[in-house]
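File shown: data-v7.tsv. Contents: TSV, C-alpha atoms.
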chain	number	residue	atom	x	y	z
I	29	MET	CA	0.00	0.00	0.00
I	30	ILE	CA	2.70	2.44	1.09
I	31	GLU	CA	4.75	1.38	-1.89
I	32	LEU	CA	1.86	1.98	-4.23
I	33	ILE	CA	1.34	5.48	-2.85
I	34	SER	CA	5.02	6.40	-3.05
I	35	GLN	CA	5.26	5.14	-6.62
I	36	HIS	CA	2.06	6.78	-7.81
I	37	PRO	CA	1.61	10.17	-6.16
I	38	ILE	CA	-1.72	10.56	-7.90
I	39	VAL	CA	-3.11	7.77	-5.74
I	40	ALA	CA	-2.16	9.72	-2.66
I	41	ALA	CA	-3.81	12.83	-4.11
I	42	LEU	CA	-6.95	10.89	-4.91
I	43	ILE	CA	-7.10	9.34	-1.46
I	44	ALA	CA	-6.60	12.71	0.19
I	45	MET	CA	-9.24	14.53	-1.84
I	46	VAL	CA	-11.80	11.73	-1.67
I	47	GLY	CA	-11.17	11.35	2.05
I	48	LEU	CA	-11.52	15.08	2.64
I	49	SER	CA	-14.71	15.21	0.62
I	50	LEU	CA	-16.15	12.25	2.49
I	51	ILE	CA	-15.31	13.77	5.87
I	52	PHE	CA	-16.78	17.14	4.91
I	53	GLY	CA	-19.83	15.51	3.40
I	54	ALA	CA	-20.36	13.57	6.60
I	55	VAL	CA	-19.96	16.74	8.69
I	56	LEU	CA	-22.49	18.60	6.55
I	57	GLY	CA	-24.88	15.67	6.58
I	58	PHE	CA	-24.60	15.47	10.33
I	59	ALA	CA	-25.11	19.22	10.64
I	60	ALA	CA	-28.16	19.09	8.37
I	61	VAL	CA	-29.79	16.60	10.73
I	62	LYS	CA	-28.51	18.10	13.97
I	63	PHE	CA	-29.30	21.74	13.15
I	64	LYS	CA	-32.52	21.11	11.30
I	65	VAL	CA	-34.85	24.08	11.60
I	66	GLU	CA	-38.51	23.30	11.54
I	67	GLY	CA	-40.59	25.90	9.82
I	68	ASP	CA	-43.69	27.04	11.64
I	69	PRO	CA	-46.27	24.62	10.24
I	70	ILE	CA	-49.24	26.49	11.68
I	71	VAL	CA	-48.35	29.59	9.65
I	72	GLU	CA	-48.36	27.54	6.46
I	73	GLN	CA	-51.71	26.05	7.33
I	74	ILE	CA	-53.31	29.42	8.08
I	75	ASP	CA	-51.78	30.85	4.92
I	76	ALA	CA	-53.39	28.06	2.91
I	77	LEU	CA	-56.79	29.06	4.26
I	78	LEU	CA	-56.43	32.76	3.49
I	79	PRO	CA	-57.74	33.85	0.08
I	80	GLN	CA	-54.31	34.98	-1.25
I	81	THR	CA	-55.65	38.22	-2.66
I	82	GLN	CA	-52.71	40.02	-0.99
I	83	CYS	CA	-55.06	42.99	-0.66
I	84	GLY	CA	-53.63	44.27	2.61
I	85	GLN	CA	-56.98	45.21	4.12
I	86	CYS	CA	-55.98	43.43	7.33
I	87	GLY	CA	-53.15	45.94	7.78
I	88	HIS	CA	-50.44	43.46	6.78
I	89	PRO	CA	-48.56	43.66	3.48
I	90	GLY	CA	-49.96	40.32	2.33
I	91	CYS	CA	-51.60	37.08	3.30
I	92	LYS	CA	-48.47	35.34	4.58
I	93	PRO	CA	-47.61	38.13	7.06
I	94	TYR	CA	-51.20	38.07	8.29
I	95	ALA	CA	-50.95	34.30	8.75
I	96	GLN	CA	-47.81	34.97	10.79
I	97	GLY	CA	-49.75	37.59	12.76
I	98	ILE	CA	-52.57	35.15	13.49
I	99	ALA	CA	-50.05	32.59	14.67
I	100	ASN	CA	-48.74	35.25	17.06
I	101	GLY	CA	-52.19	35.78	18.50
I	102	GLU	CA	-53.80	38.43	16.33
I	103	PRO	CA	-57.59	38.43	15.87
I	104	ILE	CA	-58.66	36.19	13.01
I	105	ASN	CA	-61.51	38.38	11.77
I	106	LYS	CA	-59.59	40.92	9.71
I	107	CYS	CA	-59.95	39.39	6.25
I	108	PRO	CA	-62.86	40.82	4.23
I	109	PRO	CA	-62.10	38.99	0.96
I	110	GLY	CA	-62.15	35.68	2.78
I	111	GLY	CA	-65.29	36.57	4.67
I	112	GLN	CA	-67.00	34.49	7.28
I	113	VAL	CA	-66.02	31.22	5.62
I	114	THR	CA	-62.33	31.91	6.06
I	115	ILE	CA	-62.87	33.04	9.64
I	116	ASN	CA	-64.73	29.83	10.39
I	117	ALA	CA	-62.08	27.71	8.75
I	118	ILE	CA	-59.28	29.39	10.71
I	119	ALA	CA	-61.28	29.17	13.93
I	120	ASP	CA	-61.71	25.48	13.21
I	121	LEU	CA	-57.99	25.06	12.65
I	122	LEU	CA	-56.99	26.95	15.77
I	123	ASP	CA	-59.84	25.49	17.81
I	124	VAL	CA	-61.22	28.84	18.93
I	125	GLU	CA	-64.62	30.50	18.80
I	126	ALA	CA	-65.31	32.01	15.39
I	127	PRO	CA	-65.86	35.79	15.65
I	128	THR	CA	-67.74	37.80	13.07
I	129	LEU	CA	-65.88	39.89	10.52
I	130	ASP	CA	-64.32	43.06	11.91
I	131	GLU	CA	-66.07	45.80	9.91
I	132	GLU	CA	-63.15	48.14	10.50
I	133	HIS	CA	-61.16	46.33	7.84
I	134	GLY	CA	-63.89	46.36	5.21
I	135	GLU	CA	-67.16	44.70	4.53
I	136	GLU	CA	-67.61	41.31	3.10
I	137	SER	CA	-69.38	41.62	-0.20
I	138	GLU	CA	-71.96	39.01	-1.00
I	139	VAL	CA	-71.36	39.19	-4.72
I	140	GLN	CA	-68.01	38.85	-6.36
I	141	THR	CA	-66.98	42.14	-7.93
I	142	VAL	CA	-64.26	43.34	-10.22
I	143	ALA	CA	-62.93	46.82	-10.76
I	144	TYR	CA	-64.00	48.61	-13.92
I	145	ILE	CA	-62.28	51.76	-15.17
I	146	ARG	CA	-64.46	54.22	-17.08
I	147	GLU	CA	-61.88	54.63	-19.72
I	148	ASP	CA	-62.90	57.96	-21.24
I	149	GLU	CA	-62.53	59.60	-17.80
I	150	CYS	CA	-59.18	58.04	-16.99
I	151	ILE	CA	-56.38	60.61	-16.96
I	152	GLY	CA	-53.56	58.07	-16.88
I	153	CYS	CA	-52.13	58.92	-13.46
I	154	THR	CA	-51.00	55.30	-12.73
I	155	LYS	CA	-52.07	55.67	-9.09
I	156	CYS	CA	-54.40	52.67	-9.29
I	157	ILE	CA	-51.68	50.58	-10.88
I	158	GLN	CA	-49.45	51.21	-7.90
I	159	ALA	CA	-52.27	50.35	-5.50
I	160	CYS	CA	-53.17	47.06	-7.17
I	161	PRO	CA	-51.73	44.10	-5.25
I	162	MET	CA	-52.40	41.69	-8.11
I	163	ASP	CA	-50.89	43.70	-11.00
I	164	ALA	CA	-54.31	43.44	-12.60
I	165	ILE	CA	-54.35	46.98	-14.03
I	166	LEU	CA	-52.72	47.65	-17.33
I	167	GLY	CA	-51.60	51.10	-18.49
I	168	ALA	CA	-48.84	53.67	-18.54
I	169	ALA	CA	-48.43	57.30	-17.55
I	170	LYS	CA	-50.84	59.54	-19.50
I	171	GLN	CA	-52.28	56.48	-21.21
I	172	MET	CA	-55.68	55.06	-20.51
I	173	HIS	CA	-55.68	52.22	-17.96
I	174	THR	CA	-57.78	49.11	-17.99
I	175	VAL	CA	-58.43	46.18	-15.69
I	176	ILE	CA	-57.60	42.59	-16.51
I	177	ILE	CA	-60.80	41.00	-15.26
I	178	ASP	CA	-59.36	37.55	-14.78
I	179	GLU	CA	-56.67	38.90	-12.49
I	180	CYS	CA	-58.82	41.26	-10.45
I	181	THR	CA	-59.82	39.95	-7.05
I	182	GLY	CA	-62.24	42.77	-6.27
I	183	CYS	CA	-60.30	44.04	-3.28
I	184	ASP	CA	-61.33	47.73	-3.69
I	185	LEU	CA	-57.80	49.02	-3.14
I	186	CYS	CA	-57.68	50.89	-6.45
I	187	VAL	CA	-60.89	52.84	-5.83
I	188	GLU	CA	-59.50	55.06	-3.09
I	189	PRO	CA	-56.35	56.41	-4.84
I	190	CYS	CA	-58.15	57.35	-8.10
I	191	PRO	CA	-58.15	61.19	-8.28
I	192	VAL	CA	-61.05	61.36	-10.75
I	193	ASP	CA	-63.13	58.55	-9.23
I	194	CYS	CA	-63.49	56.71	-12.47
I	195	ILE	CA	-63.21	53.21	-11.01
I	196	ASP	CA	-66.38	51.27	-10.28
I	197	MET	CA	-66.72	47.94	-8.60
I	198	VAL	CA	-69.11	45.99	-10.76
I	199	PRO	CA	-70.51	42.56	-9.99
I	200	VAL	CA	-69.22	39.73	-12.11
I	201	GLU	CA	-71.89	38.35	-14.33
I	202	SER	CA	-71.78	34.67	-14.87
I	203	THR	CA	-71.37	33.55	-18.42
I	204	LEU	CA	-72.05	30.24	-20.07
I	205	GLY	CA	-68.44	29.40	-19.38
I	206	ASP	CA	-68.53	29.68	-15.61
I	207	TRP	CA	-72.19	29.33	-14.65
I	208	LYS	CA	-72.92	26.58	-12.22
I	209	TRP	CA	-75.61	25.39	-9.91
I	210	ASP	CA	-76.02	27.09	-6.58
I	211	LEU	CA	-74.29	25.29	-3.78
I	212	PRO	CA	-76.40	23.50	-1.21
I	213	PRO	CA	-77.52	25.81	1.60
I	214	ARG	CA	-75.05	26.31	4.38
I	215	SER	CA	-75.45	24.71	7.74
I	216	GLU	CA	-75.20	26.81	10.87
I	217	ASN	CA	-71.47	26.68	11.33
I	218	GLY	CA	-71.01	28.23	7.94
I	219	THR	CA	-69.69	25.22	6.10
I	220	THR	CA	-71.52	23.53	3.31
I	221	ASP	CA	-72.86	20.05	3.66
I	222	ILE	CA	-71.24	18.62	0.58
I	223	ILE	CA	-68.69	15.94	1.12
I	224	ALA	CA	-65.07	16.75	0.50
I	225	SER	CA	-65.79	20.46	0.24
I	226	ASP	CA	-62.79	22.57	-0.34
I	227	LYS	CA	-62.28	26.28	-0.66
I	228	VAL	CA	-62.63	26.49	-4.43
I	229	GLN	CA	-66.24	25.39	-4.29
I	230	LEU	CA	-67.25	28.11	-1.85
I	231	PRO	CA	-68.91	31.10	-3.51
I	232	GLU	CA	-66.60	33.70	-1.89
I	233	ALA	CA	-63.54	32.16	-3.41
I	234	HIS	CA	-65.02	31.64	-6.82
I	235	SER	CA	-65.60	34.17	-9.54
M	27	MET	CA	3.03	40.75	21.67
M	28	THR	CA	4.71	42.84	18.99
M	29	ASP	CA	4.18	39.92	16.60
M	30	ILE	CA	0.45	40.12	17.16
M	31	ALA	CA	0.41	43.86	16.60
M	32	VAL	CA	2.52	43.56	13.46
M	33	ILE	CA	0.28	40.88	11.96
M	34	MET	CA	-2.88	42.82	12.79
M	35	VAL	CA	-1.66	46.16	11.45
M	36	SER	CA	-0.28	44.44	8.39
M	37	ALA	CA	-3.53	42.63	7.65
M	38	ILE	CA	-5.86	45.52	8.41
M	39	LEU	CA	-4.04	48.52	6.97
M	40	VAL	CA	-0.77	47.91	5.19
M	41	ASN	CA	-1.72	44.83	3.19
M	42	ASN	CA	-5.43	45.53	3.20
M	43	PHE	CA	-6.99	42.76	1.18
M	44	VAL	CA	-9.42	44.91	-0.75
M	45	LEU	CA	-7.61	48.17	-1.39
M	46	VAL	CA	-3.98	47.05	-1.55
M	47	GLN	CA	-4.15	43.43	-2.73
M	48	PHE	CA	-7.39	43.87	-4.72
M	49	LEU	CA	-9.01	40.69	-3.44
M	50	GLY	CA	-12.70	40.45	-2.67
M	51	LEU	CA	-13.62	43.35	-4.92
M	52	CYS	CA	-16.94	41.83	-5.89
M	53	PRO	CA	-18.66	42.16	-2.51
M	54	PHE	CA	-16.77	45.43	-2.01
M	55	MET	CA	-18.54	46.97	-5.00
M	56	GLY	CA	-21.69	44.88	-4.78
M	57	VAL	CA	-22.82	45.14	-1.17
M	58	SER	CA	-21.68	48.65	-0.38
M	59	ASN	CA	-24.79	50.52	-1.48
M	60	LYS	CA	-26.21	50.71	2.02
M	61	LEU	CA	-24.42	51.05	5.32
M	62	GLU	CA	-26.67	48.48	6.96
M	63	THR	CA	-25.96	45.70	4.48
M	64	ALA	CA	-22.27	46.58	4.55
M	65	ILE	CA	-22.18	46.06	8.31
M	66	GLY	CA	-24.01	42.75	7.90
M	67	MET	CA	-21.61	41.62	5.22
M	68	GLY	CA	-18.64	42.73	7.32
M	69	GLY	CA	-19.86	40.70	10.29
M	70	ALA	CA	-20.53	37.61	8.22
M	71	THR	CA	-17.16	37.82	6.50
M	72	THR	CA	-15.31	38.26	9.77
M	73	PHE	CA	-16.98	35.16	11.14
M	74	VAL	CA	-16.33	32.99	8.09
M	75	LEU	CA	-12.82	34.25	7.34
M	76	THR	CA	-11.50	33.56	10.81
M	77	LEU	CA	-13.05	30.10	10.86
M	78	ALA	CA	-11.97	29.29	7.30
M	79	SER	CA	-8.35	30.30	7.86
M	80	ILE	CA	-8.20	28.10	10.97
M	81	CYS	CA	-9.74	25.13	9.16
M	82	SER	CA	-7.60	25.47	6.08
M	83	TYR	CA	-4.50	25.69	8.27
M	84	LEU	CA	-5.51	22.44	9.94
M	85	VAL	CA	-6.17	20.72	6.61
M	86	HIS	CA	-2.88	21.97	5.19
M	87	HIS	CA	-0.80	21.11	8.25
M	88	TRP	CA	-2.29	17.72	9.10
M	89	ILE	CA	-3.34	16.30	5.74
M	90	LEU	CA	-1.66	17.96	2.78
M	91	GLU	CA	1.85	18.45	4.19
M	92	PRO	CA	2.38	14.93	5.59
M	93	MET	CA	1.25	13.42	2.29
M	94	GLY	CA	3.37	15.79	0.20
M	95	LEU	CA	0.34	17.19	-1.57
M	96	GLU	CA	0.93	20.92	-1.15
M	97	TYR	CA	0.10	21.42	-4.81
M	98	LEU	CA	-3.51	20.49	-4.05
M	99	ARG	CA	-3.97	23.31	-1.59
M	100	THR	CA	-6.07	25.58	-3.85
M	101	ILE	CA	-8.74	22.98	-4.54
M	102	ALA	CA	-8.60	21.67	-0.98
M	103	PHE	CA	-9.07	25.19	0.43
M	104	ILE	CA	-12.02	25.85	-1.87
M	105	LEU	CA	-13.60	22.69	-0.48
M	106	VAL	CA	-12.84	23.75	3.09
M	107	ILE	CA	-14.29	27.23	2.59
M	108	ALA	CA	-17.48	25.95	0.98
M	109	VAL	CA	-18.02	23.51	3.83
M	110	VAL	CA	-17.25	26.08	6.50
M	111	VAL	CA	-19.70	28.56	5.00
M	112	GLN	CA	-22.44	25.98	4.71
M	113	PHE	CA	-21.83	24.70	8.21
M	114	ALA	CA	-21.77	28.21	9.65
M	115	LYS	CA	-25.05	28.95	7.89
M	116	MET	CA	-26.76	25.93	9.40
M	117	PHE	CA	-25.27	26.55	12.81
M	118	ILE	CA	-26.34	30.20	12.91
M	119	GLU	CA	-29.80	29.38	11.60
M	120	LYS	CA	-30.30	26.98	14.46
M	121	THR	CA	-28.66	28.81	17.32
M	122	SER	CA	-29.48	32.46	16.60
M	123	PRO	CA	-32.40	33.22	14.29
M	124	LEU	CA	-31.82	36.95	14.85
M	125	LEU	CA	-28.21	36.81	13.70
M	126	TYR	CA	-29.32	34.58	10.82
M	127	ARG	CA	-31.79	37.22	9.68
M	128	VAL	CA	-29.00	39.83	9.68
M	129	LEU	CA	-26.26	37.72	8.06
M	130	GLY	CA	-28.32	35.07	6.29
M	131	VAL	CA	-28.36	36.37	2.74
M	132	PHE	CA	-24.67	37.27	2.81
M	133	LEU	CA	-23.31	33.94	3.96
M	134	PRO	CA	-23.57	32.11	0.60
M	135	LEU	CA	-21.96	35.15	-1.09
M	136	ILE	CA	-18.83	34.66	0.98
M	137	THR	CA	-18.18	31.23	-0.54
M	138	THR	CA	-17.02	32.94	-3.69
M	139	ASN	CA	-15.19	35.76	-1.94
M	140	CYS	CA	-11.62	35.43	-3.15
M	141	ALA	CA	-10.31	37.24	-0.08
M	142	VAL	CA	-11.15	34.13	1.93
M	143	LEU	CA	-9.16	31.90	-0.39
M	144	GLY	CA	-6.43	34.54	-0.57
M	145	VAL	CA	-5.96	34.55	3.20
M	146	ALA	CA	-5.78	30.77	3.33
M	147	LEU	CA	-3.18	30.64	0.54
M	148	GLN	CA	-1.10	33.45	2.02
M	149	ASN	CA	-1.07	31.67	5.36
M	150	THR	CA	0.71	28.76	3.69
M	151	THR	CA	3.14	30.87	1.67
M	152	LYS	CA	4.03	32.97	4.71
M	153	ALA	CA	4.40	29.77	6.79
M	154	HIS	CA	2.22	31.06	9.60
M	155	ASN	CA	1.63	28.79	12.57
M	156	PHE	CA	-1.83	28.00	13.90
M	157	PHE	CA	-2.21	31.10	16.05
M	158	GLU	CA	-0.78	33.43	13.42
M	159	SER	CA	-3.10	31.96	10.79
M	160	ALA	CA	-6.17	32.60	12.89
M	161	LEU	CA	-4.95	36.10	13.70
M	162	TYR	CA	-4.14	36.88	10.08
M	163	GLY	CA	-7.59	35.72	9.00
M	164	PHE	CA	-9.26	37.80	11.69
M	165	GLY	CA	-7.16	40.87	10.83
M	166	ALA	CA	-7.90	40.50	7.12
M	167	ALA	CA	-11.60	40.28	7.89
M	168	LEU	CA	-11.43	43.38	10.09
M	169	GLY	CA	-9.66	45.23	7.27
M	170	PHE	CA	-12.28	44.06	4.80
M	171	SER	CA	-15.11	45.16	7.08
M	172	LEU	CA	-13.41	48.49	7.74
M	173	VAL	CA	-13.07	49.49	4.10
M	174	LEU	CA	-16.48	48.06	3.22
M	175	ILE	CA	-18.18	50.16	5.88
M	176	LEU	CA	-16.15	53.28	5.04
M	177	PHE	CA	-16.91	52.85	1.35
M	178	SER	CA	-20.63	52.27	1.89
M	179	ALA	CA	-20.83	55.39	4.03
M	180	MET	CA	-19.25	57.32	1.16
M	181	ARG	CA	-21.57	55.78	-1.39
M	182	GLU	CA	-24.61	56.74	0.67
M	183	ARG	CA	-23.40	60.33	0.45
M	184	LEU	CA	-22.61	59.95	-3.24
M	185	ALA	CA	-26.13	58.75	-3.94
M	186	VAL	CA	-27.48	62.21	-3.14
M	187	ALA	CA	-24.51	64.19	-4.39
M	188	ASP	CA	-24.63	66.22	-7.59
M	189	VAL	CA	-22.54	63.96	-9.80
M	190	PRO	CA	-22.14	64.71	-13.52
M	191	ASP	CA	-24.38	62.41	-15.54
M	192	PRO	CA	-21.69	60.24	-17.19
M	193	PHE	CA	-20.17	59.45	-13.80
M	194	LYS	CA	-23.37	58.49	-12.02
M	195	GLY	CA	-23.75	55.12	-10.32
M	196	ALA	CA	-21.02	52.53	-10.62
M	197	ALA	CA	-18.57	54.88	-12.38
M	198	ILE	CA	-18.20	57.28	-9.48
M	199	GLY	CA	-18.09	54.26	-7.19
M	200	MET	CA	-15.07	52.91	-9.06
M	201	ILE	CA	-13.34	56.30	-8.93
M	202	THR	CA	-14.00	56.56	-5.21
M	203	ALA	CA	-12.63	53.06	-4.69
M	204	GLY	CA	-9.53	54.01	-6.61
M	205	LEU	CA	-8.99	57.11	-4.48
M	206	MET	CA	-9.48	55.06	-1.31
M	207	SER	CA	-6.98	52.57	-2.62
M	208	LEU	CA	-4.46	55.40	-3.20
M	209	ALA	CA	-5.02	56.54	0.36
M	210	PHE	CA	-4.43	53.06	1.74
M	211	MET	CA	-1.24	52.72	-0.32
M	212	GLY	CA	0.04	55.49	1.95
M	213	PHE	CA	0.32	52.95	4.76
M	214	SER	CA	2.96	50.93	2.90
M	215	GLY	CA	6.26	50.80	4.73
M	216	LEU	CA	4.53	51.12	8.11
M	217	VAL	CA	5.60	47.63	9.14

Show how you would write the structure in this file as structure tokens.
Amino acid sequence: MIELISQHPIVAALIAMVGLSLIFGAVLGFAAVKFKVEGDPIVEQIDALLPQTQCGQCGHPGCKPYAQGIANGEPINKCPPGGQVTINAIADLLDVEAPTLDEEHGEESEVQTVAYIREDECIGCTKCIQACPMDAILGAAKQMHTVIIDECTGCDLCVEPCPVDCIDMVPVESTLGDWKWDLPPRSENGTTDIIASDKVQLPEAHS
Amino acid sequence: MTDIAVIMVSAILVNNFVLVQFLGLCPFMGVSNKLETAIGMGGATTFVLTLASICSYLVHHWILEPMGLEYLRTIAFILVIAVVVQFAKMFIEKTSPLLYRVLGVFLPLITTNCAVLGVALQNTTKAHNFFESALYGFGAALGFSLVLILFSAMRERLAVADVPDPFKGAAIGMITAGLMSLAFMGFSGLV
């Protein structure tokens, strides 16, 4: 063995580098197990229940920070886009009493709405574009703006900044493409009676 | 005692890694836009550089030298640095989430900081012993942090200064770095 190494220095180099790599790999592997950091699973779960409109009406910059806030003990009734259904779902998850929606952060609208810009009144100030959390408004400075209906979540945030008040929230009319039967009536705790219900089937989360 | 002082002054001022030896210029230009990030980067680099120079000394002294493989030191040191950075990242993430939030994004950047490799290689060429290696690494990191923080403070001022259009942004940054380098050259001959 010694003879082999002294005759072929490349073997020694190979042994050294492979050995070093193995040792370091083992150290890192050990560290990955030993210093494993668990993420906060409850935050992820709450975040999954929130409507992901990122509208900021709860006072947080987005849904994930609000989920973090709830995990730290904030009231769960600050989400108007999610409405009572979301509140109930979160209350269910956290095993607390479900409060009603805090009106201070906005009202829950029964019908799904989208923003509509009256285009001949639009002065092209781009203020609504900056307010939109979904990038659903198209336009440039001194050009007419318009709303991409499919992207709009109806969060109302663009209405306030508009200096000429040319943005309306109009209800979404169902078309042949997205019409469907009404869901079964809700039971008292706010959930529907259908089996395997998930959020997409609830009217608040559907356009 | 004088040895310690000589090594420190040499690493921090006279042979400053950024402004005199021109190593680690990438983070020097890249992370110096804001004072806050510069301080974070300085802290992270100090941590990693000291640790990496100790580890690479150990690898060089106990593995490469006995086997007559000094010619492998560059690749071996790269390996050591990458592992040290990754290990430090995991360790900090676990033990101090606050520190991790401050240093976190900068730690992977340090892997490719050539000042770290430069210190390790110079430790072998200057035949430093264990203590001197650690000290040299720490001094180099202090020097790096010093100029990074000084430079970022200047760049924060430059951002609001009335600079002629063609010189705006990176150009005036380069000129400033050059002037700082000239100033640091003035320390040569101190030790």

8 Å contacts from chain M to chain I using all atoms listed in the file, as a PDB file with C-alpha atoms, keeping the file's coordinate frame:
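result-v8.pdb, written as the output of this step:
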ATOM      1  CA  ILE M  89      -3.340  16.300   5.740  1.00  0.00           C
ATOM      2  CA  LEU M  90      -1.660  17.960   2.780  1.00  0.00           C
ATOM      3  CA  MET M  93       1.250  13.420   2.290  1.00  0.00           C
ATOM      4  CA  LEU M  95       0.340  17.190  -1.570  1.00  0.00           C
ATOM      5  CA  LEU M  98      -3.510  20.490  -4.050  1.00  0.00           C
ATOM      6  CA  ALA M 102      -8.600  21.670  -0.980  1.00  0.00           C
ATOM      7  CA  LEU M 105     -13.600  22.690  -0.480  1.00  0.00           C
ATOM      8  CA  VAL M 106     -12.840  23.750   3.090  1.00  0.00           C
ATOM      9  CA  VAL M 109     -18.020  23.510   3.830  1.00  0.00           C
ATOM     10  CA  GLN M 112     -22.440  25.980   4.710  1.00  0.00           C
ATOM     11  CA  PHE M 113     -21.830  24.700   8.210  1.00  0.00           C
ATOM     12  CA  MET M 116     -26.760  25.930   9.400  1.00  0.00           C
ATOM     13  CA  PHE M 117     -25.270  26.550  12.810  1.00  0.00           C
ATOM     14  CA  GLU M 119     -29.800  29.380  11.600  1.00  0.00           C
ATOM     15  CA  LYS M 120     -30.300  26.980  14.460  1.00  0.00           C
TER      16      LYS M 120
END

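Proximity ranking of M:Arg99, M:Met211, M:Gly165, M:Gly50 relative to Val32 of chain M places M:Gly165 first, based on only C-alpha atoms.
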
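Counting from atom CA of Ala99 of chain I, the distance to atom CA of Pro69 of chain I is 9.9 Å.
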
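For segment 195-207 of chain I, the residues within 7 Å (counting all atoms listed in the file, excluding itself and residues fewer than 6 positions away along the chain) are Val139, Gln140, Thr141, Val142, Ala143, Tyr144, Ile145, Arg146 and Val187 of chain I.
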
Write the selection just made, keeping C-alpha atoms, as a short mmCIF file (atom, residue, chain, number, x, y, z; two decimals), keeping the file's coordinate frame?
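What follows is the written file again.cif:
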data_model
loop_
_atom_site.label_atom_id
_atom_site.label_comp_id
_atom_site.auth_asym_id
_atom_site.auth_seq_id
_atom_site.Cartn_x
_atom_site.Cartn_y
_atom_site.Cartn_z
CA VAL I 139 -71.36 39.19 -4.72
CA GLN I 140 -68.01 38.85 -6.36
CA THR I 141 -66.98 42.14 -7.93
CA VAL I 142 -64.26 43.34 -10.22
CA ALA I 143 -62.93 46.82 -10.76
CA TYR I 144 -64.00 48.61 -13.92
CA ILE I 145 -62.28 51.76 -15.17
CA ARG I 146 -64.46 54.22 -17.08
CA VAL I 187 -60.89 52.84 -5.83
#

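With atom CA of Asp123 of chain I on one side and atom CA of Pro93 of chain I on the other, the separation reads 20.6 Å.
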
note - atom CA of Gly152 of chain I and atom CA of Gln171 of chain I are separated by 4.8 Å

### Query
Hey, what's within 7 Å of segment 199-208 of chain M if we count only C-alpha atoms and toss same-chain stuff fewer than 5 positions away? As number ranges by chain, please?
M: 45-46, 181

Ala76 of chain I environment, 10 Å, only C-alpha atoms, sequence neighbours closer than 5 positions dropped, as a ChimeraX atom specification
/I:70-71,91-92,95,118,227

Write out, as a short mmCIF file (atom, residue, chain, number, x, y, z; two decimals), in the coordinates of the input, the residues just selected, with C-alpha atoms.
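File produced: selection.cif:
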data_model
loop_
_atom_site.label_atom_id
_atom_site.label_comp_id
_atom_site.auth_asym_id
_atom_site.auth_seq_id
_atom_site.Cartn_x
_atom_site.Cartn_y
_atom_site.Cartn_z
CA ILE I 70 -49.24 26.49 11.68
CA VAL I 71 -48.35 29.59 9.65
CA CYS I 91 -51.60 37.08 3.30
CA LYS I 92 -48.47 35.34 4.58
CA ALA I 95 -50.95 34.30 8.75
CA ILE I 118 -59.28 29.39 10.71
CA LYS I 227 -62.28 26.28 -0.66
#

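Among the candidates M:Gly68, M:Pro53, M:Pro123, M:Gly215, the one nearest to Leu168 of chain M when counting all atoms listed in the file is M:Gly68.
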
Among I:Gln73, I:His133, I:Pro161, I:Gly101, Pro89 of chain I is approached most closely, using all atoms listed in the file, by I:Pro161

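Residue nearest Leu121 of chain I, chosen from I:Gln80, I:Ile30, I:Ile176, I:Glu72 and counting all atoms listed in the file: I:Glu72.
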
May I ask you to restore N, CA and C atoms in segment 42-51 of chain M and write the result as a tab-separated table (two decimals), keeping the file's coordinate frame?
chain	number	residue	atom	x	y	z
M	42	ASN	N	-3.98	45.67	3.24
M	42	ASN	CA	-5.43	45.53	3.20
M	42	ASN	C	-5.86	44.72	1.99
M	43	PHE	N	-6.69	43.71	2.25
M	43	PHE	CA	-6.99	42.76	1.18
M	43	PHE	C	-7.76	43.37	0.03
M	44	VAL	N	-8.61	44.34	0.33
M	44	VAL	CA	-9.42	44.91	-0.75
M	44	VAL	C	-8.63	45.99	-1.49
M	45	LEU	N	-8.12	46.97	-0.74
M	45	LEU	CA	-7.61	48.17	-1.39
M	45	LEU	C	-6.14	48.08	-1.78
M	46	VAL	N	-5.40	47.15	-1.18
M	46	VAL	CA	-3.98	47.05	-1.55
M	46	VAL	C	-3.74	45.79	-2.38
M	47	GLN	N	-4.37	44.67	-1.98
M	47	GLN	CA	-4.15	43.43	-2.73
M	47	GLN	C	-5.24	43.16	-3.75
M	48	PHE	N	-6.30	43.98	-3.74
M	48	PHE	CA	-7.39	43.87	-4.72
M	48	PHE	C	-8.03	42.49	-4.73
M	49	LEU	N	-8.26	41.94	-3.55
M	49	LEU	CA	-9.01	40.69	-3.44
M	49	LEU	C	-10.38	41.01	-2.85
M	50	GLY	N	-11.36	40.24	-3.22
M	50	GLY	CA	-12.70	40.45	-2.67
M	50	GLY	C	-13.35	41.72	-3.17
M	51	LEU	N	-13.04	42.11	-4.39
M	51	LEU	CA	-13.62	43.35	-4.92
M	51	LEU	C	-15.11	43.22	-5.22
